[in-house]
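Participant: Quick one: the structure is below, and I'll ask about it shortly.
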Amino acid sequence: MPNIASNLKFLRKTKRLTQQQFADLLDIKRASVGAYEEDRAEPKYELLKKIAEFYDLSMDELANDEINDKWKRAPKSNASNLRVLSVTVDGHDRENIELVPVKASAGYMNGYADPEYVATLPKFSLPMFNQGTYRAFEIKGDSMRPLASGSIIVAEYVENWNDIKPGQTYVIVSKDEGVVYKRVAYKFKEDKGLKLVSDNKSYDPYWVEAGDIMEVWRAKAFISTALPEPNNEPTMETLTSMMAEMQKTINSVVDKG
């Protein structure tokens with residue numbers, strides 16, 4: 001967070017607050033304010049979130065933008081804005097794939113941007129996914145059949161929501177719906193958000209508003225312990241074979257006649 005110290009100092013002065021007054025408003029020690037502004041310490045995640053809300057900023061703006069007299073706030077609905085994303089790395093400084101089990105979904109809603117929380121998630125790696133940022137989500141229910149409940153979706157982080165493509169499947173993390181795996185019906189719309197549909201047509205489509213969306217992950221693979229059942233329906237290969245056998249039988253009857 002390269003600009004947090006200078007940003008805190010600048011923002012406090014624009015409010016014409018002393019360090020003590022700011023500390024009282026945030027219910028922290030004045031010495032802590034001094035340490036943050038002098039870059040001797042960094043606020044923990046919860047405090048950083050509280051400070052961002054106090055100044056009506058996103059956490060990304062507070063931590064990474066250089067806020068000064070020339071700084072201009074980006075539109076809040078701009079889908080291309082950078083977002084705070086916490087990741088973990090292995091001993092070789094390669095990003096892990098963190099797993100979000102169903103039972104951890106509620107906690108993920110609160111801690112998805114908290115490095116300390118993300119570090120507690122189970123981790124693994126896959127050799128085919130060594131470039132980019134990936135996360136794995138366990139799904140529940142039958143809305144995306146034939147994928148079985150309990151399947152794990154390995155997904156790649158989507159930074160710019162304008163890159164979302166209709167017809168593809170994504171893991172959408174939103175305030176109201178939580179963590180869901182769905183197919184996107186239309187391209188992302190700033191004023192409407194995303195229309196999500198289930199592959200199981202017994203579930204109705206619905207919209208998730210742009211302001212409610214927290215993260216978007218593009219599905220790349222799935223892991224499942226539920227092996228597919230044998231397909232009893234005739235395939236093109238079996239139909240072709242059956243037709244060939246019928247033709248041989250007909251030819252044999254004709255030759256005998």
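Just so we're on the same page: first chain in the structure tokens is A, next is B, and so on; residues restart at 1 for each chain, and ligands are numbered from 1 in the order they show up.
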Within 10 Å of stretch 94-113 of chain A, which residues of stretch 122-152 of chain A show up? Give each one with its shortest atom-to-atom distance in Å (one decimal) and the two atoms involved, counting only C-alpha atoms, rows by chain then rising residue number, as a tab-separated table.

Facilitator:
residue	atom	partner	partner_atom	distance
A:Pro122	CA	A:Leu99	CA	5.3
A:Lys123	CA	A:Glu98	CA	4.5
A:Phe124	CA	A:Ile97	CA	5.3
A:Ser125	CA	A:Ile97	CA	5.6
A:Leu126	CA	A:Ile97	CA	8.0
A:Phe129	CA	A:Ile97	CA	8.9
A:Asn130	CA	A:Arg94	CA	7.7
A:Gln131	CA	A:Glu95	CA	8.7
A:Gly132	CA	A:Glu95	CA	8.2
A:Thr133	CA	A:Glu95	CA	6.9
A:Tyr134	CA	A:Ile97	CA	5.4
A:Arg135	CA	A:Ile97	CA	4.9
A:Ala136	CA	A:Leu99	CA	4.6
A:Phe137	CA	A:Val100	CA	4.8
A:Glu138	CA	A:Pro101	CA	5.0
A:Ile139	CA	A:Val102	CA	6.6
A:Lys140	CA	A:Val102	CA	7.0
A:Gly150	CA	A:Val102	CA	8.2
A:Ile152	CA	A:Pro101	CA	8.4

Participant: Take the residues just selected and output them with C-alpha atoms as a compact mmCIF listing (two decimals), in the first residue's frame.

Facilitator:
# COMPACT_ATOMS: atom_id res chain seq x y z
CA PRO A 122 -7.17 -24.31 2.01
CA LYS A 123 -4.65 -23.99 -0.83
CA PHE A 124 -3.48 -26.09 -3.75
CA SER A 125 -1.91 -25.69 -7.19
CA LEU A 126 -2.51 -27.11 -10.67
CA PHE A 129 -2.95 -22.88 -14.15
CA ASN A 130 0.41 -21.28 -13.41
CA GLN A 131 -0.28 -17.93 -15.10
CA GLY A 132 -2.94 -15.62 -13.69
CA THR A 133 -4.94 -15.50 -10.45
CA TYR A 134 -7.24 -18.41 -9.69
CA ARG A 135 -9.60 -19.40 -6.89
CA ALA A 136 -11.71 -22.53 -6.38
CA PHE A 137 -15.31 -22.54 -5.16
CA GLU A 138 -17.37 -25.50 -3.99
CA ILE A 139 -20.91 -25.36 -5.41
CA LYS A 140 -24.11 -26.59 -3.82
CA GLY A 150 -20.17 -30.56 -4.15
CA ILE A 152 -15.39 -27.54 -7.23

Participant: Go through stretch 19-109 of chain A and collect every residue that DSSP, computed from the backbone, puts in helix (DSSP H, G or I); the answer should be as a PyMOL selection string.

Facilitator: chain A and resi 19-26+30-37+45-54+59-64+102-109

Participant: Pick the closest to A:Thr225 from A:Thr240, A:Ser151, A:Gln19, A:Ser143: which is it, counting only C-alpha atoms?

Facilitator: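 Ranking A:Thr240, A:Ser151, A:Gln19, A:Ser143 by distance to A:Thr225, first place goes to A:Ser151.
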
Participant: As a VMD selection string, list the residues of stretch 22-187 of chain A assigned to strand (DSSP E) by DSSP on the backbone atoms of this structure.

Facilitator: chain A and resid 97 to 100 123 to 124 134 to 138 152 to 157 169 to 174 178 to 184

Participant: Would you mind listing what lies within 12 Å of A:Tyr36 as a list in words, with only C-alpha atoms counted and same-chain residues fewer than 6 positions away left out?

Facilitator: Met1, Pro2, Asn3, Ile4, Ala5, Ser6, Asn7, Leu8, Lys9, Arg12, Gln19, Ala23, Ile28, Lys29, Arg30, Glu42, Pro43, Lys44, Leu47, Leu48, Ile51 and Ala63 of chain A

Participant: Output N, CA and C atoms of each residue in that selection to a file, as a tab-separated table (two decimals), in the first residue's frame.

Facilitator:
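Written file, again23.tsv:
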chain	number	residue	atom	x	y	z
A	1	MET	N	0.85	-1.19	0.00
A	1	MET	CA	0.00	0.00	0.00
A	1	MET	C	0.89	1.25	0.00
A	2	PRO	N	1.42	1.60	-1.17
A	2	PRO	CA	2.47	2.61	-1.25
A	2	PRO	C	2.06	4.02	-0.85
A	3	ASN	N	0.76	4.36	-0.99
A	3	ASN	CA	0.34	5.75	-0.77
A	3	ASN	C	-0.51	5.96	0.48
A	4	ILE	N	-0.66	4.93	1.28
A	4	ILE	CA	-1.58	5.03	2.41
A	4	ILE	C	-1.19	6.11	3.39
A	5	ALA	N	0.11	6.25	3.67
A	5	ALA	CA	0.55	7.24	4.67
A	5	ALA	C	0.24	8.67	4.22
A	6	SER	N	0.67	9.00	3.00
A	6	SER	CA	0.44	10.37	2.49
A	6	SER	C	-1.05	10.64	2.30
A	7	ASN	N	-1.80	9.62	1.88
A	7	ASN	CA	-3.25	9.80	1.68
A	7	ASN	C	-3.95	10.10	3.00
A	8	LEU	N	-3.61	9.37	4.05
A	8	LEU	CA	-4.24	9.60	5.35
A	8	LEU	C	-3.97	11.01	5.85
A	9	LYS	N	-2.75	11.44	5.68
A	9	LYS	CA	-2.38	12.79	6.15
A	9	LYS	C	-3.13	13.86	5.36
A	12	ARG	N	-6.96	13.84	6.18
A	12	ARG	CA	-7.25	14.39	7.52
A	12	ARG	C	-7.20	15.91	7.48
A	19	GLN	N	-4.76	15.23	14.63
A	19	GLN	CA	-4.58	13.78	14.78
A	19	GLN	C	-5.43	13.25	15.93
A	23	ALA	N	-8.40	10.56	15.62
A	23	ALA	CA	-8.30	9.36	16.45
A	23	ALA	C	-9.58	9.15	17.26
A	28	ILE	N	-9.49	5.23	17.92
A	28	ILE	CA	-8.15	4.65	17.96
A	28	ILE	C	-7.23	5.61	18.71
A	29	LYS	N	-6.00	5.21	18.94
A	29	LYS	CA	-5.05	6.05	19.67
A	29	LYS	C	-4.43	7.08	18.75
A	30	ARG	N	-4.15	8.28	19.32
A	30	ARG	CA	-3.52	9.32	18.51
A	30	ARG	C	-2.16	8.89	18.01
A	42	GLU	N	1.02	0.15	9.29
A	42	GLU	CA	-0.11	0.15	8.36
A	42	GLU	C	-1.38	-0.26	9.10
A	43	PRO	N	-2.50	0.38	8.79
A	43	PRO	CA	-3.76	-0.02	9.43
A	43	PRO	C	-4.14	-1.46	9.07
A	44	LYS	N	-4.71	-2.18	10.02
A	44	LYS	CA	-5.24	-3.50	9.74
A	44	LYS	C	-6.45	-3.38	8.81
A	47	LEU	N	-9.70	-1.67	10.11
A	47	LEU	CA	-9.54	-0.23	10.30
A	47	LEU	C	-9.45	0.48	8.96
A	48	LEU	N	-8.73	-0.12	8.02
A	48	LEU	CA	-8.62	0.47	6.69
A	48	LEU	C	-10.00	0.60	6.05
A	51	ILE	N	-11.79	3.50	7.73
A	51	ILE	CA	-11.28	4.80	7.27
A	51	ILE	C	-11.82	5.11	5.87
A	63	ALA	N	-5.84	3.00	-0.59
A	63	ALA	CA	-4.54	2.34	-0.44
A	63	ALA	C	-3.59	2.59	-1.60

Participant: Determine, counting only C-alpha atoms, which protein, DNA and RNA residues have an atom within 7 Å of an atom of A:Leu62; residues of the same chain fewer than 3 positions away are not included. Present the result as a ChimeraX atom specification.

Facilitator: /A:4,7,52,57-59,65

Participant: Output N, CA and C atoms for every residue in that selection, as a PDB file, in the first residue's frame.

Facilitator:
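Heads up, here's the output in again_8.pdb:
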ATOM      1  N   ILE A   4      -0.661   4.926   1.278  1.00  0.00           N
ATOM      2  CA  ILE A   4      -1.583   5.025   2.405  1.00  0.00           C
ATOM      3  C   ILE A   4      -1.188   6.115   3.387  1.00  0.00           C
ATOM      4  N   ASN A   7      -1.803   9.621   1.884  1.00  0.00           N
ATOM      5  CA  ASN A   7      -3.249   9.800   1.683  1.00  0.00           C
ATOM      6  C   ASN A   7      -3.952  10.102   2.997  1.00  0.00           C
ATOM      7  N   ALA A  52     -11.836   4.090   4.992  1.00  0.00           N
ATOM      8  CA  ALA A  52     -12.336   4.290   3.631  1.00  0.00           C
ATOM      9  C   ALA A  52     -13.800   4.725   3.664  1.00  0.00           C
ATOM     10  N   LEU A  57     -14.594   6.518   0.308  1.00  0.00           N
ATOM     11  CA  LEU A  57     -13.680   6.043  -0.726  1.00  0.00           C
ATOM     12  C   LEU A  57     -13.741   4.525  -0.785  1.00  0.00           C
ATOM     13  N   SER A  58     -13.290   3.970  -1.910  1.00  0.00           N
ATOM     14  CA  SER A  58     -13.088   2.528  -1.951  1.00  0.00           C
ATOM     15  C   SER A  58     -11.750   2.233  -1.262  1.00  0.00           C
ATOM     16  N   MET A  59     -11.575   1.009  -0.804  1.00  0.00           N
ATOM     17  CA  MET A  59     -10.313   0.637  -0.174  1.00  0.00           C
ATOM     18  C   MET A  59      -9.168   0.725  -1.168  1.00  0.00           C
ATOM     19  N   ASP A  65      -4.310   4.818  -4.777  1.00  0.00           N
ATOM     20  CA  ASP A  65      -4.294   6.094  -5.499  1.00  0.00           C
ATOM     21  C   ASP A  65      -3.418   7.109  -4.780  1.00  0.00           C
TER      22      ASP A  65
END

Participant: Find the spatial neighbours of A:Phe188, counting only C-alpha atoms, within a cut-off of 8 Å - ignore same-chain residues fewer than 3 positions away - and output them as a PyMOL selection string.

Facilitator: chain A and resi 161-162+164+192-194

Participant: How close does each residue of stretch 172-231 of chain A get to stretch 144-147 of chain A, giving the shortest atom pair and distance in Å to one decimal for every residue with an atom at most 10 Å away, counting only C-alpha atoms, sorted by chain and residue number, as a tab-separated table?

Facilitator:
residue	atom	partner	partner_atom	distance
A:Tyr181	CA	A:Met144	CA	7.6
A:Lys182	CA	A:Met144	CA	7.1
A:Arg183	CA	A:Met144	CA	8.6
A:Val197	CA	A:Met144	CA	9.1
A:Ser198	CA	A:Met144	CA	5.6
A:Asp199	CA	A:Met144	CA	4.8
A:Asn200	CA	A:Met144	CA	5.6
A:Lys201	CA	A:Met144	CA	9.1
A:Tyr203	CA	A:Met144	CA	9.4
A:Phe222	CA	A:Leu147	CA	8.6
A:Ile223	CA	A:Leu147	CA	9.6
A:Ser224	CA	A:Leu147	CA	8.1
A:Ala226	CA	A:Leu147	CA	8.7
A:Pro228	CA	A:Pro146	CA	8.9

Participant: One number please: atom CA of A:Glu116 to atom CA of A:Ser86, in Å, one decimal.

Facilitator: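 About the pair atom CA of A:Glu116 and atom CA of A:Ser86: they are 8.8 Å apart.
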
Participant: Take atom CA of A:Gly91 and atom CA of A:Ala155 and report the distance between them in Å, one decimal.

Facilitator: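 Going from atom CA of A:Gly91 over to atom CA of A:Ala155, I get 22.3 Å.
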